[in-house]
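Asks: Submitted below is the structure of interest, expressed as structure tokens.
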Amino acid sequence: MPARVSEALVLRTYPLKEADLVVSFLTRDQGKLRGVAKRARRPKSPFGAGLERLSHVRMAYFQRETRELVNLDSCELIHSQFGLVSDYWASVALDYFAEVCEQMLPSAEPSERFFRLLLAVLDYLPAAGGDAGRPWRAVTYFSLWAVRLSGWLPELNVCLSCGALLDDAADPGGAPERAFFSRSRPGLVCSHCRSVAGGGHWELSAESRWIAAEMLRTPVSQLSRSQWDQDTAADLRRFLVQQIESHVERRLITAPLLDEKIG
Ligand SMILES: [Zn+2]
């Protein structure tokens, strides 16, 4: 029964029996794992506050070849997300990150890049200097790269049906070709192919395609500081959520929260 210590981010926990928890966590070196934390719901448990959603920890556990669940021994907190609890949209973003990881990542398949993606957006989230756009940039960036790293991101500048280029202006100085998406298709279509295919389409604006292109070549911390709010790139997030949902074959519970209008 080898003992192991992995740097990890806690995704979610489920109660088990009276005092135990099943913990789903994403490790840097082993991918997504599940384990049983005995007596984690008792006072003075060896896990302390380390099992909160998206806590960054060093998790000690025992892995057995034949069992799907590892046995958690203890965890050491590196960083908690307590600082974000009073920020409504940052909290929604945390719920969304945790659900996407839980639903879309395969078990026990290491992906250092996915782990670093999640760490990068968690680092980015705390609103510095009252920048209310940060949760929206973080959620959009995470969604785009989660889809990309899973190999599900289609070309964003080509019509899936006819192959027409979507980012070329029709004539110099003219508007870029419009692009549309629907739940049933994996990519974008041009306005001609959309009219042939019939209803049920949303438009992915040229601005959002530009944002996606920037996000694919720029770390989240270095994105341009343009004003963002809930409406910015909402079409891109809808497109990406639909890509995720069609691959995991279920709806994300947290996705509608991102579209809710509050206050
Ligand atoms: Zn087309």
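Chain identifiers are assigned as A, B, and so on, following the order in which chains appear in the structure tokens; residues are numbered from 1 within each chain, and ligands are numbered from 1 in order of appearance.
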Write out as JSON, numbers by chain all residues of stretch 16-223 of chain A that DSSP puts in helix (DSSP H, G or I) for this structure's backbone.
Replies: {"A": [82, 83, 84, 88, 89, 90, 91, 92, 93, 94, 95, 96, 97, 98, 99, 100, 101, 102, 103, 104, 112, 113, 114, 115, 116, 117, 118, 119, 120, 121, 122, 123, 124, 134, 135, 136, 137, 138, 139, 140, 141, 142, 143, 144, 145, 146, 147, 148, 149, 191, 192, 193, 194, 195, 196, 197, 206, 207, 208, 209, 210, 211, 212, 213, 214, 215, 216, 217, 220, 221, 222]}
Asks: Could you tell me, counting only C-alpha atoms and all ligand atoms, which protein and nucleic acid residues lie no more than 8 Å from ligand 1, written as a PyMOL selection string?
Replies: chain A and resi 159-164+189-194
Asks: Write a file of the selected residues as a compact mmCIF listing (two decimals), in the first residue's frame, keeping C-alpha atoms.
Replies:
```txt
# COMPACT_ATOMS: atom_id res chain seq x y z
CA CYS A 159 -17.45 27.14 -41.66
CA LEU A 160 -17.97 23.52 -40.65
CA SER A 161 -20.30 22.89 -43.61
CA CYS A 162 -18.76 24.58 -46.64
CA GLY A 163 -15.23 25.39 -45.46
CA ALA A 164 -15.56 29.15 -46.04
CA VAL A 189 -21.27 27.70 -39.74
CA CYS A 190 -21.46 30.72 -42.07
CA SER A 191 -24.69 32.67 -42.63
CA HIS A 192 -25.41 30.83 -45.90
CA CYS A 193 -25.09 27.35 -44.37
CA ARG A 194 -27.07 28.48 -41.33
```
Asks: If you take only C-alpha atoms and a cut-off of 9 Å, which residues of stretch 60-161 of chain A touch stretch 226-242 of chain A, and what are their nearest atom pairs and distances in Å to one decimal, in chain and number order, as a tab-separated table?
Replies:
```
residue	atom	partner	partner_atom	distance
A:Asp131	CA	A:Gln227	CA	8.5
A:Ala132	CA	A:Asp229	CA	7.0
A:Gly133	CA	A:Trp228	CA	4.5
A:Arg134	CA	A:Trp228	CA	7.7
A:Pro135	CA	A:Asp229	CA	8.9
A:Trp136	CA	A:Gln230	CA	6.4
A:Arg137	CA	A:Trp228	CA	7.4
A:Val139	CA	A:Arg237	CA	8.0
A:Thr140	CA	A:Arg237	CA	5.8
A:Ser143	CA	A:Leu240	CA	6.2
A:Leu144	CA	A:Leu240	CA	6.5
A:Val147	CA	A:Leu240	CA	7.1
A:Leu153	CA	A:Leu240	CA	8.4
```
Asks: Could you save those same residues with all heavy atoms as an mmCIF file, in the first residue's frame?
Replies:
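Dumped to selection17.cif:
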```
data_model
loop_
_atom_site.group_PDB
_atom_site.id
_atom_site.type_symbol
_atom_site.label_atom_id
_atom_site.label_comp_id
_atom_site.auth_asym_id
_atom_site.auth_seq_id
_atom_site.Cartn_x
_atom_site.Cartn_y
_atom_site.Cartn_z
ATOM 1 N N ASP A 131 -11.740 45.442 -10.141
ATOM 2 C CA ASP A 131 -11.972 45.043 -11.529
ATOM 3 C C ASP A 131 -13.061 43.967 -11.569
ATOM 4 O O ASP A 131 -12.787 42.789 -11.384
ATOM 5 C CB ASP A 131 -10.663 44.525 -12.133
ATOM 6 C CG ASP A 131 -10.829 44.049 -13.563
ATOM 7 O OD1 ASP A 131 -11.960 44.132 -14.098
ATOM 8 O OD2 ASP A 131 -9.839 43.588 -14.150
ATOM 9 N N ALA A 132 -14.309 44.390 -11.827
ATOM 10 C CA ALA A 132 -15.445 43.459 -11.793
ATOM 11 C C ALA A 132 -15.453 42.512 -12.986
ATOM 12 O O ALA A 132 -16.261 41.588 -13.041
ATOM 13 C CB ALA A 132 -16.755 44.238 -11.735
ATOM 14 N N GLY A 133 -14.560 42.719 -13.940
ATOM 15 C CA GLY A 133 -14.537 41.853 -15.114
ATOM 16 C C GLY A 133 -13.788 40.550 -14.900
ATOM 17 O O GLY A 133 -13.888 39.632 -15.708
ATOM 18 N N ARG A 134 -13.061 40.442 -13.776
ATOM 19 C CA ARG A 134 -12.187 39.285 -13.618
ATOM 20 C C ARG A 134 -12.914 37.943 -13.617
ATOM 21 O O ARG A 134 -12.451 37.011 -14.276
ATOM 22 C CB ARG A 134 -11.329 39.442 -12.357
ATOM 23 C CG ARG A 134 -10.325 40.560 -12.497
ATOM 24 C CD ARG A 134 -9.611 40.840 -11.203
ATOM 25 N NE ARG A 134 -8.460 39.983 -10.970
ATOM 26 C CZ ARG A 134 -7.237 40.257 -11.425
ATOM 27 N NH1 ARG A 134 -7.033 41.321 -12.141
ATOM 28 N NH2 ARG A 134 -6.244 39.461 -11.166
ATOM 29 N N PRO A 135 -14.023 37.778 -12.889
ATOM 30 C CA PRO A 135 -14.681 36.460 -12.951
ATOM 31 C C PRO A 135 -15.095 36.087 -14.372
ATOM 32 O O PRO A 135 -15.000 34.919 -14.755
ATOM 33 C CB PRO A 135 -15.919 36.623 -12.062
ATOM 34 C CG PRO A 135 -15.651 37.803 -11.216
ATOM 35 C CD PRO A 135 -14.697 38.690 -11.966
ATOM 36 N N TRP A 136 -15.519 37.077 -15.154
ATOM 37 C CA TRP A 136 -15.989 36.772 -16.516
ATOM 38 C C TRP A 136 -14.839 36.392 -17.424
ATOM 39 O O TRP A 136 -14.943 35.461 -18.220
ATOM 40 C CB TRP A 136 -16.777 37.966 -17.090
ATOM 41 C CG TRP A 136 -17.883 38.306 -16.154
ATOM 42 C CD1 TRP A 136 -18.007 39.410 -15.370
ATOM 43 C CD2 TRP A 136 -19.010 37.465 -15.838
ATOM 44 N NE1 TRP A 136 -19.125 39.311 -14.590
ATOM 45 C CE2 TRP A 136 -19.757 38.133 -14.864
ATOM 46 C CE3 TRP A 136 -19.444 36.213 -16.283
ATOM 47 C CZ2 TRP A 136 -20.928 37.588 -14.323
ATOM 48 C CZ3 TRP A 136 -20.601 35.673 -15.751
ATOM 49 C CH2 TRP A 136 -21.330 36.364 -14.783
ATOM 50 N N ARG A 137 -13.725 37.105 -17.297
ATOM 51 C CA ARG A 137 -12.550 36.718 -18.084
ATOM 52 C C ARG A 137 -12.072 35.325 -17.663
ATOM 53 O O ARG A 137 -11.720 34.496 -18.490
ATOM 54 C CB ARG A 137 -11.419 37.734 -17.899
ATOM 55 C CG ARG A 137 -11.630 39.009 -18.687
ATOM 56 C CD ARG A 137 -10.369 39.888 -18.690
ATOM 57 N NE ARG A 137 -10.762 41.283 -18.555
ATOM 58 C CZ ARG A 137 -10.673 41.998 -17.433
ATOM 59 N NH1 ARG A 137 -10.165 41.473 -16.357
ATOM 60 N NH2 ARG A 137 -11.101 43.237 -17.411
ATOM 61 N N VAL A 139 -13.757 32.810 -16.247
ATOM 62 C CA VAL A 139 -14.662 31.732 -16.669
ATOM 63 C C VAL A 139 -14.529 31.482 -18.173
ATOM 64 O O VAL A 139 -14.506 30.340 -18.634
ATOM 65 C CB VAL A 139 -16.129 32.080 -16.297
ATOM 66 C CG1 VAL A 139 -17.109 31.192 -17.050
ATOM 67 C CG2 VAL A 139 -16.326 31.933 -14.797
ATOM 68 N N THR A 140 -14.421 32.542 -18.940
ATOM 69 C CA THR A 140 -14.326 32.400 -20.393
ATOM 70 C C THR A 140 -13.000 31.734 -20.770
ATOM 71 O O THR A 140 -12.961 30.795 -21.581
ATOM 72 C CB THR A 140 -14.447 33.779 -21.067
ATOM 73 O OG1 THR A 140 -15.614 34.433 -20.571
ATOM 74 C CG2 THR A 140 -14.550 33.643 -22.577
ATOM 75 N N SER A 143 -13.041 28.049 -19.761
ATOM 76 C CA SER A 143 -13.903 27.229 -20.632
ATOM 77 C C SER A 143 -13.213 26.950 -21.963
ATOM 78 O O SER A 143 -13.221 25.820 -22.465
ATOM 79 C CB SER A 143 -15.223 27.947 -20.916
ATOM 80 O OG SER A 143 -15.873 28.285 -19.714
ATOM 81 N N LEU A 144 -12.610 27.996 -22.526
ATOM 82 C CA LEU A 144 -11.954 27.861 -23.823
ATOM 83 C C LEU A 144 -10.809 26.859 -23.747
ATOM 84 O O LEU A 144 -10.691 25.947 -24.577
ATOM 85 C CB LEU A 144 -11.432 29.234 -24.263
ATOM 86 C CG LEU A 144 -10.778 29.307 -25.636
ATOM 87 C CD1 LEU A 144 -11.822 29.080 -26.734
ATOM 88 C CD2 LEU A 144 -10.105 30.662 -25.842
ATOM 89 N N VAL A 147 -11.869 23.165 -23.069
ATOM 90 C CA VAL A 147 -12.317 22.508 -24.307
ATOM 91 C C VAL A 147 -11.118 22.211 -25.207
ATOM 92 O O VAL A 147 -10.991 21.128 -25.780
ATOM 93 C CB VAL A 147 -13.366 23.400 -25.022
ATOM 94 C CG1 VAL A 147 -13.686 22.869 -26.410
ATOM 95 C CG2 VAL A 147 -14.652 23.474 -24.185
ATOM 96 N N LEU A 153 -11.950 21.497 -29.246
ATOM 97 C CA LEU A 153 -12.175 22.832 -29.795
ATOM 98 C C LEU A 153 -12.107 22.798 -31.319
ATOM 99 O O LEU A 153 -11.080 22.447 -31.884
ATOM 100 C CB LEU A 153 -11.129 23.820 -29.252
ATOM 101 C CG LEU A 153 -11.409 25.285 -29.587
ATOM 102 C CD1 LEU A 153 -12.635 25.787 -28.846
ATOM 103 C CD2 LEU A 153 -10.204 26.168 -29.266
#
```
Asks: With only C-alpha atoms as the atoms that count, which of A:Phe82, A:Trp152, A:Tyr96, A:Phe114 lies nearest to A:Pro126?
Replies: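 Distance minimum relative to A:Pro126 lands on A:Phe82.
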Asks: Nearest residue to A:Gln243 out of A:Met104, A:Leu258, A:Leu94, A:Ala37, using only C-alpha atoms?
Replies: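 With only C-alpha atoms as the atom set, the closest residue is A:Met104.
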Asks: Step one, run DSSP on the backbone; step two, keep only residues of stretch 10-57 of chain A assigned to strand (DSSP E); then write them as a PDB file with all heavy atoms, in the first residue's frame.
Replies:
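selection-v4.pdb, written as the output of this step:
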```
ATOM      1  N   VAL A  10      -8.999  20.442  -4.521  1.00  0.00           N
ATOM      2  CA  VAL A  10     -10.189  19.682  -4.134  1.00  0.00           C
ATOM      3  C   VAL A  10     -11.363  20.111  -5.008  1.00  0.00           C
ATOM      4  O   VAL A  10     -11.649  21.308  -5.133  1.00  0.00           O
ATOM      5  CB  VAL A  10     -10.516  19.928  -2.651  1.00  0.00           C
ATOM      6  CG1 VAL A  10     -11.847  19.282  -2.282  1.00  0.00           C
ATOM      7  CG2 VAL A  10      -9.395  19.399  -1.767  1.00  0.00           C
ATOM      8  N   LEU A  11     -12.028  19.139  -5.642  1.00  0.00           N
ATOM      9  CA  LEU A  11     -13.152  19.487  -6.525  1.00  0.00           C
ATOM     10  C   LEU A  11     -14.476  19.478  -5.779  1.00  0.00           C
ATOM     11  O   LEU A  11     -15.219  20.440  -5.799  1.00  0.00           O
ATOM     12  CB  LEU A  11     -13.206  18.527  -7.717  1.00  0.00           C
ATOM     13  CG  LEU A  11     -11.964  18.544  -8.611  1.00  0.00           C
ATOM     14  CD1 LEU A  11     -12.106  17.520  -9.732  1.00  0.00           C
ATOM     15  CD2 LEU A  11     -11.717  19.935  -9.180  1.00  0.00           C
ATOM     16  N   ARG A  12     -14.788  18.357  -5.144  1.00  0.00           N
ATOM     17  CA  ARG A  12     -15.997  18.341  -4.319  1.00  0.00           C
ATOM     18  C   ARG A  12     -15.968  17.176  -3.345  1.00  0.00           C
ATOM     19  O   ARG A  12     -15.155  16.266  -3.485  1.00  0.00           O
ATOM     20  CB  ARG A  12     -17.276  18.341  -5.155  1.00  0.00           C
ATOM     21  CG  ARG A  12     -17.508  17.122  -5.981  1.00  0.00           C
ATOM     22  CD  ARG A  12     -18.901  17.139  -6.604  1.00  0.00           C
ATOM     23  NE  ARG A  12     -19.966  17.054  -5.606  1.00  0.00           N
ATOM     24  CZ  ARG A  12     -21.250  16.887  -5.912  1.00  0.00           C
ATOM     25  NH1 ARG A  12     -21.622  16.794  -7.165  1.00  0.00           N
ATOM     26  NH2 ARG A  12     -22.154  16.785  -4.972  1.00  0.00           N
ATOM     27  N   THR A  13     -16.864  17.246  -2.381  1.00  0.00           N
ATOM     28  CA  THR A  13     -16.929  16.166  -1.401  1.00  0.00           C
ATOM     29  C   THR A  13     -18.374  15.687  -1.289  1.00  0.00           C
ATOM     30  O   THR A  13     -19.310  16.441  -1.546  1.00  0.00           O
ATOM     31  CB  THR A  13     -16.470  16.630   0.000  1.00  0.00           C
ATOM     32  OG1 THR A  13     -17.281  17.723   0.413  1.00  0.00           O
ATOM     33  CG2 THR A  13     -15.019  17.066  -0.005  1.00  0.00           C
ATOM     34  N   TYR A  14     -18.512  14.403  -0.932  1.00  0.00           N
ATOM     35  CA  TYR A  14     -19.830  13.808  -0.724  1.00  0.00           C
ATOM     36  C   TYR A  14     -19.810  13.142   0.642  1.00  0.00           C
ATOM     37  O   TYR A  14     -18.838  12.438   0.950  1.00  0.00           O
ATOM     38  CB  TYR A  14     -20.117  12.717  -1.761  1.00  0.00           C
ATOM     39  CG  TYR A  14     -19.827  13.072  -3.186  1.00  0.00           C
ATOM     40  CD1 TYR A  14     -18.514  13.056  -3.669  1.00  0.00           C
ATOM     41  CD2 TYR A  14     -20.859  13.387  -4.066  1.00  0.00           C
ATOM     42  CE1 TYR A  14     -18.247  13.364  -5.000  1.00  0.00           C
ATOM     43  CE2 TYR A  14     -20.595  13.688  -5.390  1.00  0.00           C
ATOM     44  CZ  TYR A  14     -19.286  13.671  -5.848  1.00  0.00           C
ATOM     45  OH  TYR A  14     -19.026  13.971  -7.158  1.00  0.00           O
ATOM     46  N   PRO A  15     -20.868  13.313   1.430  1.00  0.00           N
ATOM     47  CA  PRO A  15     -20.897  12.631   2.726  1.00  0.00           C
ATOM     48  C   PRO A  15     -20.949  11.116   2.544  1.00  0.00           C
ATOM     49  O   PRO A  15     -21.565  10.624   1.591  1.00  0.00           O
ATOM     50  CB  PRO A  15     -22.197  13.122   3.374  1.00  0.00           C
ATOM     51  CG  PRO A  15     -22.787  14.121   2.452  1.00  0.00           C
ATOM     52  CD  PRO A  15     -22.060  14.091   1.154  1.00  0.00           C
ATOM     53  N   LEU A  16     -20.275  10.420   3.418  1.00  0.00           N
ATOM     54  CA  LEU A  16     -20.289   8.960   3.394  1.00  0.00           C
ATOM     55  C   LEU A  16     -20.413   8.502   4.837  1.00  0.00           C
ATOM     56  O   LEU A  16     -19.628   8.904   5.687  1.00  0.00           O
ATOM     57  CB  LEU A  16     -18.984   8.433   2.783  1.00  0.00           C
ATOM     58  CG  LEU A  16     -18.825   6.918   2.701  1.00  0.00           C
ATOM     59  CD1 LEU A  16     -19.734   6.338   1.632  1.00  0.00           C
ATOM     60  CD2 LEU A  16     -17.377   6.550   2.415  1.00  0.00           C
ATOM     61  N   ASP A  20     -17.588  10.255   7.529  1.00  0.00           N
ATOM     62  CA  ASP A  20     -16.588  10.232   6.465  1.00  0.00           C
ATOM     63  C   ASP A  20     -17.026  11.073   5.265  1.00  0.00           C
ATOM     64  O   ASP A  20     -18.190  11.442   5.125  1.00  0.00           O
ATOM     65  CB  ASP A  20     -16.354   8.785   5.982  1.00  0.00           C
ATOM     66  CG  ASP A  20     -15.992   7.852   7.122  1.00  0.00           C
ATOM     67  OD1 ASP A  20     -15.654   8.368   8.205  1.00  0.00           O
ATOM     68  OD2 ASP A  20     -16.071   6.632   6.919  1.00  0.00           O
ATOM     69  N   LEU A  21     -16.059  11.338   4.403  1.00  0.00           N
ATOM     70  CA  LEU A  21     -16.348  12.039   3.156  1.00  0.00           C
ATOM     71  C   LEU A  21     -15.692  11.305   1.994  1.00  0.00           C
ATOM     72  O   LEU A  21     -14.589  10.766   2.137  1.00  0.00           O
ATOM     73  CB  LEU A  21     -15.764  13.460   3.181  1.00  0.00           C
ATOM     74  CG  LEU A  21     -16.431  14.542   4.031  1.00  0.00           C
ATOM     75  CD1 LEU A  21     -15.581  15.806   3.985  1.00  0.00           C
ATOM     76  CD2 LEU A  21     -17.841  14.826   3.511  1.00  0.00           C
ATOM     77  N   VAL A  22     -16.382  11.289   0.849  1.00  0.00           N
ATOM     78  CA  VAL A  22     -15.711  10.920  -0.392  1.00  0.00           C
ATOM     79  C   VAL A  22     -15.250  12.231  -1.023  1.00  0.00           C
ATOM     80  O   VAL A  22     -16.016  13.177  -1.126  1.00  0.00           O
ATOM     81  CB  VAL A  22     -16.646  10.163  -1.355  1.00  0.00           C
ATOM     82  CG1 VAL A  22     -15.974   9.957  -2.712  1.00  0.00           C
ATOM     83  CG2 VAL A  22     -17.049   8.821  -0.764  1.00  0.00           C
ATOM     84  N   VAL A  23     -13.997  12.279  -1.398  1.00  0.00           N
ATOM     85  CA  VAL A  23     -13.410  13.513  -1.917  1.00  0.00           C
ATOM     86  C   VAL A  23     -12.948  13.288  -3.350  1.00  0.00           C
ATOM     87  O   VAL A  23     -12.230  12.337  -3.636  1.00  0.00           O
ATOM     88  CB  VAL A  23     -12.188  13.939  -1.065  1.00  0.00           C
ATOM     89  CG1 VAL A  23     -11.638  15.269  -1.554  1.00  0.00           C
ATOM     90  CG2 VAL A  23     -12.568  14.014   0.405  1.00  0.00           C
ATOM     91  N   SER A  24     -13.413  14.175  -4.244  1.00  0.00           N
ATOM     92  CA  SER A  24     -12.910  14.158  -5.614  1.00  0.00           C
ATOM     93  C   SER A  24     -11.875  15.273  -5.716  1.00  0.00           C
ATOM     94  O   SER A  24     -12.150  16.404  -5.332  1.00  0.00           O
ATOM     95  CB  SER A  24     -14.079  14.393  -6.569  1.00  0.00           C
ATOM     96  OG  SER A  24     -13.588  14.553  -7.879  1.00  0.00           O
ATOM     97  N   PHE A  25     -10.694  14.949  -6.178  1.00  0.00           N
ATOM     98  CA  PHE A  25      -9.631  15.965  -6.223  1.00  0.00           C
ATOM     99  C   PHE A  25      -8.762  15.782  -7.456  1.00  0.00           C
ATOM    100  O   PHE A  25      -8.590  14.682  -7.970  1.00  0.00           O
ATOM    101  CB  PHE A  25      -8.800  15.943  -4.940  1.00  0.00           C
ATOM    102  CG  PHE A  25      -8.128  14.634  -4.606  1.00  0.00           C
ATOM    103  CD1 PHE A  25      -6.758  14.496  -4.740  1.00  0.00           C
ATOM    104  CD2 PHE A  25      -8.860  13.532  -4.146  1.00  0.00           C
ATOM    105  CE1 PHE A  25      -6.119  13.287  -4.432  1.00  0.00           C
ATOM    106  CE2 PHE A  25      -8.237  12.333  -3.837  1.00  0.00           C
ATOM    107  CZ  PHE A  25      -6.869  12.211  -3.983  1.00  0.00           C
ATOM    108  N   LEU A  26      -8.260  16.915  -7.934  1.00  0.00           N
ATOM    109  CA  LEU A  26      -7.428  16.911  -9.137  1.00  0.00           C
ATOM    110  C   LEU A  26      -5.971  17.073  -8.714  1.00  0.00           C
ATOM    111  O   LEU A  26      -5.595  18.083  -8.121  1.00  0.00           O
ATOM    112  CB  LEU A  26      -7.834  18.068 -10.048  1.00  0.00           C
ATOM    113  CG  LEU A  26      -7.057  18.174 -11.363  1.00  0.00           C
ATOM    114  CD1 LEU A  26      -7.288  16.944 -12.231  1.00  0.00           C
ATOM    115  CD2 LEU A  26      -7.462  19.438 -12.111  1.00  0.00           C
ATOM    116  N   THR A  27      -5.160  16.062  -9.020  1.00  0.00           N
ATOM    117  CA  THR A  27      -3.741  16.147  -8.653  1.00  0.00           C
ATOM    118  C   THR A  27      -2.920  16.607  -9.845  1.00  0.00           C
ATOM    119  O   THR A  27      -3.313  16.428 -10.993  1.00  0.00           O
ATOM    120  CB  THR A  27      -3.192  14.775  -8.206  1.00  0.00           C
ATOM    121  OG1 THR A  27      -3.186  13.890  -9.334  1.00  0.00           O
ATOM    122  CG2 THR A  27      -4.037  14.175  -7.100  1.00  0.00           C
ATOM    123  N   GLY A  31      -3.676  13.107 -12.142  1.00  0.00           N
ATOM    124  CA  GLY A  31      -4.998  13.391 -12.692  1.00  0.00           C
ATOM    125  C   GLY A  31      -6.062  13.431 -11.610  1.00  0.00           C
ATOM    126  O   GLY A  31      -5.769  13.641 -10.432  1.00  0.00           O
ATOM    127  N   LYS A  32      -7.310  13.183 -12.000  1.00  0.00           N
ATOM    128  CA  LYS A  32      -8.431  13.283 -11.064  1.00  0.00           C
ATOM    129  C   LYS A  32      -8.596  11.967 -10.307  1.00  0.00           C
ATOM    130  O   LYS A  32      -8.682  10.907 -10.921  1.00  0.00           O
ATOM    131  CB  LYS A  32      -9.719  13.599 -11.843  1.00  0.00           C
ATOM    132  CG  LYS A  32     -10.910  13.913 -10.949  1.00  0.00           C
ATOM    133  CD  LYS A  32     -12.133  14.246 -11.773  1.00  0.00           C
ATOM    134  CE  LYS A  32     -12.693  12.994 -12.414  1.00  0.00           C
ATOM    135  NZ  LYS A  32     -13.927  13.280 -13.185  1.00  0.00           N
ATOM    136  N   LEU A  33      -8.642  12.071  -8.991  1.00  0.00           N
ATOM    137  CA  LEU A  33      -8.785  10.878  -8.153  1.00  0.00           C
ATOM    138  C   LEU A  33      -9.946  11.059  -7.193  1.00  0.00           C
ATOM    139  O   LEU A  33     -10.404  12.181  -6.948  1.00  0.00           O
ATOM    140  CB  LEU A  33      -7.507  10.642  -7.328  1.00  0.00           C
ATOM    141  CG  LEU A  33      -6.206  10.397  -8.094  1.00  0.00           C
ATOM    142  CD1 LEU A  33      -5.039  10.285  -7.113  1.00  0.00           C
ATOM    143  CD2 LEU A  33      -6.299   9.151  -8.965  1.00  0.00           C
ATOM    144  N   ARG A  34     -10.399   9.936  -6.635  1.00  0.00           N
ATOM    145  CA  ARG A  34     -11.405   9.971  -5.585  1.00  0.00           C
ATOM    146  C   ARG A  34     -10.892   9.173  -4.411  1.00  0.00           C
ATOM    147  O   ARG A  34     -10.272   8.126  -4.599  1.00  0.00           O
ATOM    148  CB  ARG A  34     -12.701   9.325  -6.054  1.00  0.00           C
ATOM    149  CG  ARG A  34     -13.504  10.219  -6.933  1.00  0.00           C
ATOM    150  CD  ARG A  34     -14.675   9.445  -7.468  1.00  0.00           C
ATOM    151  NE  ARG A  34     -15.689  10.392  -7.857  1.00  0.00           N
ATOM    152  CZ  ARG A  34     -16.965  10.281  -7.565  1.00  0.00           C
ATOM    153  NH1 ARG A  34     -17.421   9.236  -6.890  1.00  0.00           N
ATOM    154  NH2 ARG A  34     -17.817  11.186  -7.961  1.00  0.00           N
ATOM    155  N   GLY A  35     -11.206   9.679  -3.243  1.00  0.00           N
ATOM    156  CA  GLY A  35     -10.739   8.955  -2.076  1.00  0.00           C
ATOM    157  C   GLY A  35     -11.689   9.111  -0.917  1.00  0.00           C
ATOM    158  O   GLY A  35     -12.547   9.989  -0.899  1.00  0.00           O
ATOM    159  N   VAL A  36     -11.503   8.234   0.064  1.00  0.00           N
ATOM    160  CA  VAL A  36     -12.311   8.306   1.279  1.00  0.00           C
ATOM    161  C   VAL A  36     -11.494   8.992   2.373  1.00  0.00           C
ATOM    162  O   VAL A  36     -10.364   8.598   2.646  1.00  0.00           O
ATOM    163  CB  VAL A  36     -12.723   6.894   1.753  1.00  0.00           C
ATOM    164  CG1 VAL A  36     -13.488   6.983   3.067  1.00  0.00           C
ATOM    165  CG2 VAL A  36     -13.582   6.221   0.693  1.00  0.00           C
ATOM    166  N   ALA A  37     -12.101  10.023   2.955  1.00  0.00           N
ATOM    167  CA  ALA A  37     -11.474  10.720   4.083  1.00  0.00           C
ATOM    168  C   ALA A  37     -12.218  10.298   5.340  1.00  0.00           C
ATOM    169  O   ALA A  37     -13.320  10.767   5.621  1.00  0.00           O
ATOM    170  CB  ALA A  37     -11.556  12.229   3.887  1.00  0.00           C
ATOM    171  N   HIS A  56      -6.293  24.450  -2.393  1.00  0.00           N
ATOM    172  CA  HIS A  56      -5.033  23.992  -2.972  1.00  0.00           C
ATOM    173  C   HIS A  56      -4.256  23.329  -1.834  1.00  0.00           C
ATOM    174  O   HIS A  56      -3.980  23.987  -0.831  1.00  0.00           O
ATOM    175  CB  HIS A  56      -4.300  25.222  -3.535  1.00  0.00           C
ATOM    176  CG  HIS A  56      -3.043  24.897  -4.281  1.00  0.00           C
ATOM    177  ND1 HIS A  56      -2.112  25.850  -4.609  1.00  0.00           N
ATOM    178  CD2 HIS A  56      -2.564  23.733  -4.768  1.00  0.00           C
ATOM    179  CE1 HIS A  56      -1.118  25.288  -5.275  1.00  0.00           C
ATOM    180  NE2 HIS A  56      -1.362  24.005  -5.385  1.00  0.00           N
ATOM    181  N   VAL A  57      -3.972  22.057  -1.977  1.00  0.00           N
ATOM    182  CA  VAL A  57      -3.427  21.289  -0.848  1.00  0.00           C
ATOM    183  C   VAL A  57      -2.303  20.352  -1.288  1.00  0.00           C
ATOM    184  O   VAL A  57      -2.097  20.122  -2.479  1.00  0.00           O
ATOM    185  CB  VAL A  57      -4.537  20.401  -0.198  1.00  0.00           C
ATOM    186  CG1 VAL A  57      -5.661  21.249   0.375  1.00  0.00           C
ATOM    187  CG2 VAL A  57      -5.092  19.379  -1.199  1.00  0.00           C
TER     188      VAL A  57
END
```
Asks: Using only C-alpha atoms, determine which residues lie at most 7 Å from A:Leu204, disregarding the query and same-chain residues fewer than 3 positions distant; provide the list as a list in words.
Replies: Ala179, Phe180, Phe181, Ser208, Arg209, Asp235 and Leu236 of chain A
Asks: Convert the current residue selection to file output with C-alpha atoms, as a PDB file, in the first residue's frame.
Replies:
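File produced: out_22.pdb:
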```pdb
ATOM      1  CA  ALA A 179     -20.599  32.888 -37.635  1.00  0.00           C
ATOM      2  CA  PHE A 180     -23.293  30.764 -35.993  1.00  0.00           C
ATOM      3  CA  PHE A 181     -23.454  27.737 -33.724  1.00  0.00           C
ATOM      4  CA  SER A 208     -16.040  37.178 -29.210  1.00  0.00           C
ATOM      5  CA  ARG A 209     -14.026  35.371 -31.876  1.00  0.00           C
ATOM      6  CA  ASP A 235     -22.078  34.038 -26.690  1.00  0.00           C
ATOM      7  CA  LEU A 236     -18.594  32.475 -26.557  1.00  0.00           C
TER       8      LEU A 236
END
```
Asks: In Å, with one decimal, what is the gap from atom CA of A:Glu99 to atom CA of A:Ala255?
Replies: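 Spanning atom CA of A:Glu99 to atom CA of A:Ala255 is a straight-line distance of 9.3 Å.
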Asks: In terms of the shortest atom-to-atom distance over only C-alpha atoms, which of A:Leu77, A:Ala98, A:Ala90, A:Ile244 is closest to A:Asp123?
Replies: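 Checking each of A:Leu77, A:Ala98, A:Ala90, A:Ile244 against A:Asp123, counting only C-alpha atoms, the winner is A:Ala90.
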Asks: Just to confirm, what's the straight-line distance from atom CA of A:Val220 to atom CA of A:Glu207 in Å (one decimal)?
Replies: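 Atom CA of A:Glu207 lies at a distance of 17.6 Å from atom CA of A:Val220.
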